[in-house]
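Visitor: Data file start-v1.cif (mmCIF, C-alpha atoms and all ligand atoms) is appended below.
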```cif
data_entry
#
loop_
_atom_site.label_atom_id
_atom_site.label_comp_id
_atom_site.auth_asym_id
_atom_site.auth_seq_id
_atom_site.Cartn_x
_atom_site.Cartn_y
_atom_site.Cartn_z
CA MET A 656 42.82 34.20 20.19
CA PRO A 657 45.67 31.83 19.42
CA LEU A 658 47.79 34.54 17.79
CA LYS A 659 47.28 37.15 20.49
CA ASP A 660 50.52 39.01 21.06
CA ARG A 661 52.51 36.60 18.88
CA ARG A 662 55.21 38.51 17.02
CA ILE A 663 55.36 37.83 13.33
CA LEU A 664 58.06 39.21 11.11
CA LEU A 665 56.70 39.31 7.59
CA ILE A 666 59.21 39.45 4.74
CA ILE A 667 57.55 40.69 1.57
CA THR A 668 59.44 39.96 -1.64
CA GLY A 669 58.84 41.00 -5.24
CA GLY A 670 55.90 39.73 -7.24
CA ILE A 671 52.35 40.54 -8.24
CA ALA A 672 51.13 38.60 -5.19
CA ALA A 673 52.74 41.25 -2.95
CA TYR A 674 49.36 43.00 -2.78
CA LYS A 675 48.04 39.95 -0.93
CA ALA A 676 50.61 40.64 1.79
CA LEU A 677 48.47 43.62 2.80
CA ILE A 678 45.45 41.35 3.26
CA LEU A 679 47.61 38.88 5.17
CA ILE A 680 48.76 41.61 7.55
CA ARG A 681 45.10 42.54 8.08
CA ARG A 682 44.10 38.97 8.86
CA LEU A 683 46.99 38.52 11.27
CA ARG A 684 46.21 41.75 13.07
CA GLU A 685 42.55 40.73 13.31
CA LYS A 686 43.84 37.68 15.16
CA ARG A 687 45.70 40.11 17.44
CA ALA A 688 49.20 39.23 16.21
CA ALA A 689 51.87 41.92 16.18
CA VAL A 690 53.24 42.21 12.65
CA ARG A 691 56.48 43.87 11.60
CA ALA A 692 57.16 43.95 7.87
CA VAL A 693 60.41 43.91 5.93
CA MET A 694 60.28 44.72 2.23
CA SER A 695 62.86 43.43 -0.23
CA SER A 696 63.91 45.86 -2.94
CA GLY A 697 61.80 43.88 -5.44
CA ALA A 698 58.71 44.34 -3.27
CA HIS A 699 58.93 48.10 -3.87
CA ASN A 700 57.96 47.58 -7.50
CA PHE A 701 54.58 46.28 -6.36
CA LEU A 702 53.82 47.94 -3.02
CA THR A 703 54.61 51.22 -1.38
CA PRO A 704 56.02 51.39 2.15
CA LEU A 705 53.17 53.77 2.92
CA SER A 706 50.47 51.18 2.24
CA VAL A 707 52.32 48.56 4.28
CA SER A 708 52.75 51.03 7.08
CA ALA A 709 49.04 51.88 7.01
CA VAL A 710 47.89 48.28 7.50
CA ALA A 711 50.72 47.10 9.77
CA GLY A 712 50.56 50.13 12.04
CA ALA A 713 54.34 50.56 11.79
CA PRO A 714 56.64 51.42 8.90
CA PRO A 715 58.26 48.51 7.06
CA LEU A 716 62.03 48.13 7.18
CA ASP A 717 63.94 47.80 3.99
CA ASP A 718 67.46 49.16 4.17
CA LEU A 719 70.22 46.94 5.44
CA PHE A 720 72.42 49.90 6.21
CA ASP A 721 69.92 52.19 7.84
CA PRO A 722 72.19 53.87 10.42
CA ARG A 723 69.26 54.42 12.78
CA ASP A 724 68.71 50.68 13.05
CA GLU A 725 72.13 49.30 12.44
CA HIS A 726 73.81 50.88 15.43
CA ASP A 727 72.26 48.08 17.49
CA VAL A 728 72.58 45.49 14.70
CA GLY A 729 68.96 45.88 13.58
CA HIS A 730 68.63 42.79 11.41
CA ILE A 731 69.68 40.54 14.27
CA ARG A 732 67.38 42.26 16.74
CA LEU A 733 64.46 42.02 14.32
CA SER A 734 64.74 38.29 13.87
CA ARG A 735 65.44 37.60 17.55
CA GLU A 736 62.32 39.43 18.62
CA ALA A 737 59.99 37.44 16.38
CA ASP A 738 58.09 34.25 17.22
CA LEU A 739 57.89 33.35 13.55
CA ILE A 740 59.31 34.64 10.29
CA VAL A 741 56.90 34.46 7.38
CA VAL A 742 57.98 35.09 3.78
CA ALA A 743 54.92 36.00 1.70
CA PRO A 744 55.04 36.22 -1.20
CA ALA A 745 58.30 34.31 -1.58
CA SER A 746 59.72 34.85 -5.06
CA ALA A 747 61.87 32.23 -6.80
CA ASP A 748 64.81 34.61 -6.41
CA PHE A 749 64.33 35.03 -2.68
CA MET A 750 63.94 31.29 -2.12
CA ALA A 751 67.21 30.78 -4.00
CA LYS A 752 68.88 33.26 -1.66
CA MET A 753 67.45 31.53 1.39
CA ALA A 754 68.54 28.10 0.14
CA ASN A 755 72.07 29.33 -0.47
CA GLY A 756 72.55 31.54 2.57
CA LEU A 757 72.97 34.83 0.70
CA ALA A 758 72.47 37.94 2.79
CA ASP A 759 72.98 41.02 0.63
CA ASP A 760 69.93 42.97 1.80
CA LEU A 761 67.91 43.37 4.98
CA ALA A 762 65.27 40.77 4.05
CA SER A 763 67.79 37.98 3.41
CA ALA A 764 70.03 39.04 6.31
CA VAL A 765 67.07 38.82 8.69
CA TYR A 766 66.43 35.26 7.56
CA LEU A 767 70.06 34.20 7.87
CA ALA A 768 70.58 35.82 11.26
CA SER A 769 67.66 33.95 12.78
CA ASP A 770 67.09 30.75 14.68
CA LYS A 771 63.31 31.25 14.69
CA PRO A 772 60.81 29.04 12.82
CA VAL A 773 60.20 30.12 9.24
CA MET A 774 57.21 29.70 6.97
CA VAL A 775 57.31 30.45 3.27
CA ALA A 776 54.41 31.09 0.85
CA PRO A 777 55.88 30.81 -2.67
CA ALA A 778 54.39 32.77 -5.56
CA MET A 779 55.79 32.65 -9.03
CA ASN A 780 55.23 31.81 -12.65
CA PRO A 781 54.45 28.06 -13.17
CA MET A 782 57.59 27.59 -15.28
CA MET A 783 59.74 29.05 -12.55
CA TRP A 784 58.06 26.82 -9.97
CA GLN A 785 58.72 23.70 -12.06
CA HIS A 786 62.31 24.62 -12.88
CA PRO A 787 64.83 22.10 -11.50
CA ALA A 788 66.67 24.94 -9.74
CA THR A 789 63.53 25.93 -7.81
CA ARG A 790 62.77 22.27 -7.05
CA ARG A 791 66.30 21.92 -5.67
CA ASN A 792 65.97 25.06 -3.57
CA MET A 793 62.62 23.88 -2.20
CA GLU A 794 64.11 20.58 -1.09
CA ARG A 795 66.97 22.40 0.61
CA LEU A 796 64.61 24.71 2.43
CA LYS A 797 62.57 21.76 3.61
CA ASP A 798 65.73 20.04 4.83
CA ASP A 799 66.56 23.25 6.70
CA GLY A 800 63.21 22.91 8.50
CA VAL A 801 61.38 25.69 6.65
CA ALA A 802 57.61 25.11 6.42
CA ILE A 803 56.06 25.70 3.01
CA ILE A 804 52.47 26.71 2.35
CA GLY A 805 51.23 26.51 -1.22
CA PRO A 806 51.57 27.48 -3.94
CA GLU A 807 48.28 26.55 -5.50
CA THR A 808 46.97 26.04 -8.98
CA GLY A 809 45.28 28.92 -10.66
CA GLU A 810 45.55 31.68 -13.18
CA MET A 811 48.57 33.94 -12.98
CA ALA A 812 47.73 37.62 -12.60
CA GLU A 813 50.49 38.90 -14.88
CA SER A 814 50.34 36.52 -17.85
CA GLY A 815 46.98 34.81 -17.68
CA GLU A 816 48.90 31.51 -17.72
CA ALA A 817 47.37 28.78 -15.61
CA GLY A 818 49.32 26.37 -13.46
CA MET A 819 50.94 25.84 -10.12
CA GLY A 820 52.49 28.98 -8.70
CA ARG A 821 49.71 31.11 -7.28
CA MET A 822 50.27 32.18 -3.71
CA SER A 823 47.89 30.64 -1.19
CA GLU A 824 45.08 32.92 -0.08
CA PRO A 825 45.91 35.18 2.87
CA GLU A 826 43.16 33.54 4.96
CA ASP A 827 44.78 30.13 4.44
CA ILE A 828 48.24 31.47 5.26
CA ALA A 829 46.92 33.09 8.44
CA LYS A 830 45.32 29.79 9.43
CA ALA A 831 48.50 27.89 8.68
CA ILE A 832 50.42 30.33 10.87
CA GLU A 833 48.03 29.64 13.71
CA VAL A 834 48.56 25.91 13.35
CA PHE A 835 52.29 26.35 12.93
CA LEU A 836 52.55 28.28 16.16
CA PHE A 837 50.66 25.60 18.08
CA GLY A 838 53.83 23.92 19.16
CA THR A 839 55.31 27.04 20.68
CA GLU A 840 52.30 27.94 22.80
CA THR A 841 51.57 26.82 26.30
CA LYS A 842 47.97 26.07 25.40
CA THR A 843 47.78 23.93 22.29
CA PRO A 844 44.61 22.73 20.55
CA LEU A 845 45.53 19.05 20.59
CA ALA A 846 47.28 19.07 23.97
CA GLY A 847 46.35 16.00 25.99
CA ARG A 848 45.13 14.20 22.85
CA SER A 849 46.77 11.11 21.44
CA VAL A 850 47.09 10.73 17.70
CA LEU A 851 48.01 7.53 15.88
CA VAL A 852 49.26 7.85 12.30
CA THR A 853 50.25 5.17 9.81
CA ALA A 854 52.44 6.06 6.84
CA GLY A 855 54.50 4.68 4.02
CA PRO A 856 54.31 1.43 2.10
CA THR A 857 54.54 -2.08 3.46
CA TYR A 858 57.03 -4.64 2.19
CA GLU A 859 55.62 -8.11 1.72
CA PRO A 860 58.34 -10.75 1.42
CA ILE A 861 58.36 -13.22 -1.46
CA ASP A 862 61.32 -15.04 0.02
CA PRO A 863 64.12 -13.92 2.37
CA VAL A 864 65.62 -11.53 -0.23
CA ARG A 865 62.73 -10.38 -2.43
CA TYR A 866 59.60 -8.43 -1.62
CA ILE A 867 56.52 -6.74 -3.09
CA ALA A 868 56.17 -3.02 -2.36
CA ASN A 869 54.51 0.15 -3.67
CA ARG A 870 55.51 3.71 -4.50
CA SER A 871 54.29 5.40 -1.32
CA SER A 872 56.91 7.85 0.02
CA GLY A 873 55.28 8.34 3.43
CA ARG A 874 55.52 12.13 3.04
CA GLN A 875 51.87 12.89 3.64
CA GLY A 876 51.68 10.78 6.80
CA TYR A 877 54.97 12.15 8.12
CA ALA A 878 53.76 15.71 7.55
CA ILE A 879 50.52 14.96 9.42
CA ALA A 880 52.42 13.42 12.34
CA ALA A 881 54.76 16.44 12.50
CA VAL A 882 51.92 18.98 12.45
CA ALA A 883 49.88 17.04 15.03
CA ALA A 884 52.92 17.01 17.32
CA ARG A 885 53.32 20.78 16.90
CA ALA A 886 49.64 21.09 17.80
CA GLY A 887 50.50 19.53 21.14
CA ALA A 888 49.30 15.96 20.55
CA ASP A 889 51.06 12.87 21.78
CA VAL A 890 51.79 11.29 18.39
CA THR A 891 52.68 7.71 17.50
CA LEU A 892 53.67 7.14 13.89
CA VAL A 893 53.71 3.56 12.65
CA SER A 894 55.78 3.68 9.50
CA GLY A 895 56.66 1.32 6.69
CA PRO A 896 60.09 1.55 5.06
CA VAL A 897 60.67 5.15 3.87
CA SER A 898 63.70 7.40 3.56
CA LEU A 899 62.42 10.24 5.74
CA PRO A 900 63.83 11.43 9.07
CA ASP A 901 61.72 10.99 12.22
CA PRO A 902 59.50 14.07 12.70
CA ARG A 903 60.43 16.05 15.78
CA GLY A 904 58.63 15.03 18.97
CA VAL A 905 56.95 11.99 17.41
CA ASN A 906 57.21 8.41 18.66
CA VAL A 907 58.11 6.49 15.49
CA ILE A 908 57.66 2.73 15.24
CA ARG A 909 59.18 1.25 12.10
CA ILE A 910 57.79 -1.96 10.65
CA GLU A 911 57.97 -3.72 7.28
CA THR A 912 54.92 -5.91 6.73
CA ALA A 913 51.19 -5.24 6.93
CA ARG A 914 50.88 -7.76 9.73
CA ALA A 915 53.60 -6.02 11.74
CA MET A 916 51.84 -2.69 11.10
CA ALA A 917 48.55 -4.18 12.35
CA ASP A 918 50.25 -5.40 15.53
CA ALA A 919 51.96 -2.04 16.15
CA VAL A 920 48.68 -0.17 15.61
CA GLU A 921 46.84 -2.45 18.03
CA ALA A 922 49.57 -1.93 20.60
CA ALA A 923 49.34 1.86 20.17
CA LEU A 924 45.61 1.96 21.02
CA PRO A 925 43.79 3.59 22.72
CA ALA A 926 44.14 6.87 20.82
CA ASP A 927 41.81 9.84 20.42
CA ILE A 928 42.44 10.17 16.69
CA ALA A 929 43.66 7.62 14.14
CA ILE A 930 44.88 8.76 10.73
CA MET A 931 45.65 5.84 8.47
CA SER A 932 47.61 7.16 5.51
CA ALA A 933 49.80 4.10 4.91
CA ALA A 934 49.62 2.36 1.56
CA VAL A 935 49.16 -1.07 3.08
CA ALA A 936 49.61 -4.00 0.70
CA ASP A 937 46.26 -5.70 0.22
CA TRP A 938 47.88 -9.08 -0.25
CA ARG A 939 50.96 -10.90 0.90
CA VAL A 940 52.68 -13.90 -0.61
CA GLN A 941 51.89 -17.18 0.98
CA MET A 942 55.40 -18.34 1.72
CA GLU A 943 56.24 -21.97 1.38
CA GLY A 944 59.51 -21.95 3.25
CA GLY A 945 62.27 -19.73 4.42
CA GLU A 946 64.66 -20.32 1.50
CA LYS A 947 65.45 -18.09 -1.47
CA ILE A 948 63.54 -19.25 -4.55
CA LYS A 949 66.13 -20.61 -7.00
CA LYS A 950 66.11 -20.03 -10.74
CA GLU A 951 66.50 -23.51 -12.17
CA GLN A 952 67.65 -24.06 -15.75
CA GLY A 953 64.65 -24.85 -17.98
CA ALA A 954 62.14 -24.69 -15.11
CA PRO A 955 59.05 -22.44 -15.48
CA PRO A 956 58.96 -19.21 -13.44
CA PRO A 957 57.54 -19.71 -9.96
CA SER A 958 53.92 -18.76 -9.43
CA LEU A 959 53.08 -16.75 -6.36
CA SER A 960 50.06 -17.48 -4.30
CA LEU A 961 48.61 -14.42 -2.53
CA VAL A 962 46.58 -14.22 0.65
CA GLU A 963 44.75 -11.19 2.01
CA ASN A 964 46.36 -8.92 4.59
CA PRO A 965 44.45 -7.63 7.63
CA ASP A 966 42.57 -4.40 6.91
CA ILE A 967 44.04 -2.15 9.59
CA LEU A 968 41.77 0.84 8.99
CA LYS A 969 38.63 -1.29 9.14
CA THR A 970 39.84 -3.01 12.29
CA VAL A 971 40.50 0.33 14.02
CA ALA A 972 37.25 1.91 12.79
CA ARG A 973 35.20 -1.04 14.00
CA HIS A 974 37.20 -1.70 17.16
CA GLN A 975 35.01 -3.08 19.92
CA THR A 976 36.86 -1.63 22.88
CA HIS A 977 39.25 1.09 21.70
CA ARG A 978 37.69 2.85 18.73
CA PRO A 979 39.28 6.32 18.50
CA ASP A 980 36.90 9.32 18.56
CA ILE A 981 37.84 10.21 15.00
CA VAL A 982 39.15 7.71 12.44
CA VAL A 983 40.48 9.09 9.16
CA GLY A 984 41.24 6.85 6.20
CA PHE A 985 42.95 7.61 2.92
CA ALA A 986 41.86 6.54 -0.53
CA ALA A 987 44.35 6.50 -3.38
CA GLU A 988 42.46 5.98 -6.60
CA THR A 989 43.14 6.27 -10.30
CA GLU A 990 39.52 6.63 -11.46
CA LYS A 991 36.15 7.78 -10.06
CA VAL A 992 38.09 9.09 -7.06
CA VAL A 993 35.23 10.66 -5.10
CA GLU A 994 32.67 7.97 -5.90
CA HIS A 995 34.98 5.19 -4.71
CA ALA A 996 36.02 7.16 -1.65
CA ILE A 997 32.41 7.70 -0.54
CA ALA A 998 31.80 3.95 -0.80
CA LYS A 999 35.05 3.27 1.02
CA ARG A 1000 34.04 5.47 3.94
CA GLN A 1001 30.93 3.34 4.43
CA ARG A 1002 32.72 0.05 3.93
CA LYS A 1003 35.55 0.77 6.31
CA GLY A 1004 33.40 2.45 8.95
CA CYS A 1005 35.72 5.45 9.29
CA ASP A 1006 34.58 9.04 9.89
CA TRP A 1007 36.52 10.84 7.17
CA ILE A 1008 38.28 9.82 4.00
CA VAL A 1009 41.02 11.88 2.42
CA ALA A 1010 40.85 10.91 -1.24
CA ASN A 1011 43.40 11.59 -3.91
CA ASP A 1012 44.01 10.77 -7.54
CA VAL A 1013 47.29 8.90 -7.87
CA SER A 1014 47.11 8.28 -11.61
CA PRO A 1015 50.49 8.34 -13.34
CA GLY A 1016 51.11 11.88 -14.49
CA THR A 1017 49.67 13.55 -11.38
CA GLY A 1018 53.06 13.17 -9.66
CA ILE A 1019 51.24 12.71 -6.35
CA MET A 1020 52.41 9.21 -5.39
CA GLY A 1021 55.94 9.80 -4.09
CA GLY A 1022 55.78 13.53 -4.93
CA SER A 1023 55.73 16.55 -2.63
CA GLU A 1024 52.27 17.84 -3.55
CA ASN A 1025 48.79 16.52 -3.12
CA ALA A 1026 45.29 17.36 -4.39
CA VAL A 1027 42.68 15.87 -2.12
CA HIS A 1028 38.98 15.68 -1.47
CA LEU A 1029 37.83 15.44 2.12
CA ILE A 1030 34.82 13.17 2.51
CA THR A 1031 32.87 13.47 5.73
CA GLU A 1032 29.33 12.72 6.82
CA ASN A 1033 28.45 16.21 5.54
CA GLY A 1034 29.63 15.64 1.99
CA VAL A 1035 32.66 16.28 -0.20
CA GLU A 1036 35.12 19.17 -0.04
CA ASP A 1037 37.55 19.70 -2.91
CA TRP A 1038 40.83 21.12 -1.65
CA PRO A 1039 43.16 22.87 -4.10
CA ARG A 1040 46.42 21.19 -5.06
CA MET A 1041 49.05 22.11 -2.49
CA ASP A 1042 52.14 20.93 -0.70
CA LYS A 1043 51.68 17.84 1.48
CA GLU A 1044 52.67 19.92 4.51
CA ALA A 1045 49.81 22.33 3.76
CA VAL A 1046 47.36 19.41 3.45
CA ALA A 1047 48.59 18.23 6.85
CA VAL A 1048 48.06 21.68 8.37
CA ARG A 1049 44.50 21.88 7.05
CA LEU A 1050 43.64 18.39 8.17
CA VAL A 1051 45.03 18.88 11.68
CA THR A 1052 43.23 22.22 11.93
CA ARG A 1053 39.97 20.46 11.08
CA LEU A 1054 40.61 17.77 13.67
CA ALA A 1055 41.43 20.38 16.31
CA ASP A 1056 38.18 22.21 15.43
CA CYS A 1057 36.20 19.02 16.07
CA PHE A 1058 37.60 18.71 19.56
CA ALA A 1059 37.12 22.40 20.23
CA LYS A 1060 33.40 22.01 19.38
CA GLN A 1061 33.05 19.00 21.68
CA VAL A 1062 34.40 20.87 24.71
O1 LIG B 1101 41.04 -0.45 0.63
P1 LIG B 1101 42.06 0.58 0.37
O2 LIG B 1101 43.49 0.04 0.42
O3 LIG B 1101 41.87 1.37 -0.87
O4 LIG B 1101 41.89 1.61 1.57
C1 LIG B 1101 42.79 2.63 1.82
C2 LIG B 1101 42.73 3.01 3.27
O5 LIG B 1101 42.71 1.84 4.08
C3 LIG B 1101 43.96 3.76 3.72
O6 LIG B 1101 43.59 4.61 4.79
C4 LIG B 1101 44.87 2.66 4.19
O7 LIG B 1101 45.83 3.13 5.13
C5 LIG B 1101 43.90 1.70 4.81
N1 LIG B 1101 44.27 0.28 4.73
C6 LIG B 1101 44.63 -0.40 5.87
N2 LIG B 1101 44.92 -1.74 5.81
C7 LIG B 1101 44.86 -2.41 4.64
C8 LIG B 1101 44.51 -1.72 3.48
C9 LIG B 1101 44.22 -0.38 3.55
O8 LIG B 1101 44.68 0.20 6.94
N3 LIG B 1101 45.16 -3.68 4.60
#
```
Can I see the file as structure tokens?

Guide:
Amino acid sequence: MPLKDRRILLIITGGIAAYKALILIRRLREKRAAVRAVMSSGAHNFLTPLSVSAVAGAPPLDDLFDPRDEHDVGHIRLSREADLIVVAPASADFMAKMANGLADDLASAVYLASDKPVMVAPAMNPMMWQHPATRRNMERLKDDGVAIIGPETGEMAESGEAGMGRMSEPEDIAKAIEVFLFGTETKTPLAGRSVLVTAGPTYEPIDPVRYIANRSSGRQGYAIAAVAARAGADVTLVSGPVSLPDPRGVNVIRIETARAMADAVEAALPADIAIMSAAVADWRVQMEGGEKIKKEQGAPPPSLSLVENPDILKTVARHQTHRPDIVVGFAAETEKVVEHAIAKRQRKGCDWIVANDVSPGTGIMGGSENAVHLITENGVEDWPRMDKEAVAVRLVTRLADCFAKQV
């Protein structure tokens, strides 16, 4: 029971999805967590304190100036006692408050007065989710270290509109909480395991000043490395050039070229799990010399001759001496995503492929969300579109499950 006796402070804010907070409380209590709820004033339009009280086993708190609680500075005590603060559903308004440090009611004051980890499950109308103000607030919350789960694509309860904004299902949030709390437990599901992750693009030089690159941001791989580290694994992340900070507790090795990535990966073996999410350049330029190519008056443009780069995933998956127990590859495709990914799994010799559609317009390459299919020996699973952090949580949970079954 990974959540046994873990104290979760659940902040419920206003929105149709508030009813799902009741199911979430149920799921968490089934996992033996202790849940204390705080309701924002907006939440009262959708839920009654009585129903929250009935499922949580204790009345929710909702008044910043309740004299019974405030004599011992209740909002500070509440947040200090928790192992994790979860905001579900998180309305656009409440996320804006969090991002800006407002604290004009108990729910927001609890957040601000806390140094505990925080997880947020947004739920709102698709337009609100896409609005630049919400995008800005999301980025700020991520920079502040807040973990985000969802939202997902689906039909909105209130308007029938379809789009991104539906709160993740309570079961998925409860699972994500379990994974999130890995890193703060003494017994962690990937403790003693080593995980090797590749992420980001590679830069292939054309001459000393120019290079060929791709649009990979490294976000998915960085999120996986961060979650695996929280799950207790010893994580090495071999990263191409990206503008992301090192994930906490992860050994980061920065390289530029595919060949340097191949060398760093080889040096990092043996590992129990390898997750190759880097967008490695398939080809590099065969360089003639070490000088900058000059633009000569009247001369034709230079032609570049390409040679193939080492296939790092294939090398790891078919390694003679140090093949990891589980090798996961990624497949970024723009057409026949699943079909190509199934073939790729065979060709590369890896165990799983995480496949995604990176066609222009999906916003996935370089974006913060991902919609993936997991291809294993048992077939294809279609995962809903969600934040890259949530994809990482699901993937690491699956990996941890595999090891749990082996023991
Ligand atoms: O062949 P393709 O590039 O589509 O395969 C993608 C998968 O292979 C990803 O997991 C990627 O990290 C890995 N790969 C690699 N080395 C290469 C090319 C791809 O590790 N040279």

Visitor: Name all residues at most 10 Å from Ala923 in chain A (count only C-alpha atoms; drop same-chain ones fewer than 3 positions away) and give them as a list in words.

Guide: Ser849, Val850, Leu851, Val852, Val890, Thr891, Leu892, Val893, Ile908, Ala917, Asp918, Ala919, Val920 and Ala926 of chain A

Visitor: How would you write, as a ChimeraX atom specification, the set of residues no farther than 9 Å from ligand LIG 1101 (chain B) when counting all atoms listed in the file?

Guide: /A:853-855,913-914,916-917,930-938,963-971,983-988,995-996,999,1002-1003,1008-1009

Visitor: Name the closest residue to Gly756 in chain A among the candidates A:Arg874, A:Arg795, A:Arg735, A:Arg790; distances are taken between atoms, counting all atoms listed in the file.

Guide: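 Between A:Arg874, A:Arg795, A:Arg735, A:Arg790, the residue approaching Gly756 in chain A most closely is A:Arg795.
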
Visitor: Need the shell around Ser823 in chain A: protein/DNA/RNA residues with any atom at most 6 Å away, counting all atoms listed in the file. Skip same-chain ones fewer than 4 positions apart. Format as a PDB file with C-alpha atoms, in the coordinates of the input?

Guide:
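Result file follows (around_1.pdb):
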```
ATOM      1  CA  GLY A 805      51.230  26.510  -1.220  1.00  0.00           C
ATOM      2  CA  PRO A 806      51.570  27.480  -3.940  1.00  0.00           C
ATOM      3  CA  GLU A 807      48.280  26.550  -5.500  1.00  0.00           C
TER       4      GLU A 807
END
```

Visitor: My list of candidates is A:Ile997, A:Met822, A:Ile832, A:Ala884. Which is closest to Gly670 in chain A when distances are computed with only C-alpha atoms?

Guide: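 Closest to Gly670 in chain A of all the choices is A:Met822.
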
Visitor: Around the point (56.9, -6.2, 7.5) in the file's coordinates, collect all residues with an atom within 10 Å, using all atoms listed in the file, and return them as a list in words.

Guide: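 Looking at atoms near the point gives Pro856, Thr857, Tyr858, Glu859, Pro860, Tyr866, Gly895, Pro896, Arg909, Ile910, Glu911, Thr912, Ala913, Arg914, Ala915, Met916 and Ala917 of chain A.
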
Visitor: Do you have the CA of Gly876 in chain A-CA of Arg1000 in chain A distance handy?

Guide: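 A separation of 18.6 Å between them.
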
Visitor: Out of A:Thr789, A:Ala922, A:Lys675, A:Pro863, which residue has the shortest atom-to-atom distance to Gly944 in chain A when counting only C-alpha atoms?

Guide: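 Between A:Thr789, A:Ala922, A:Lys675, A:Pro863, the residue approaching Gly944 in chain A most closely is A:Pro863.
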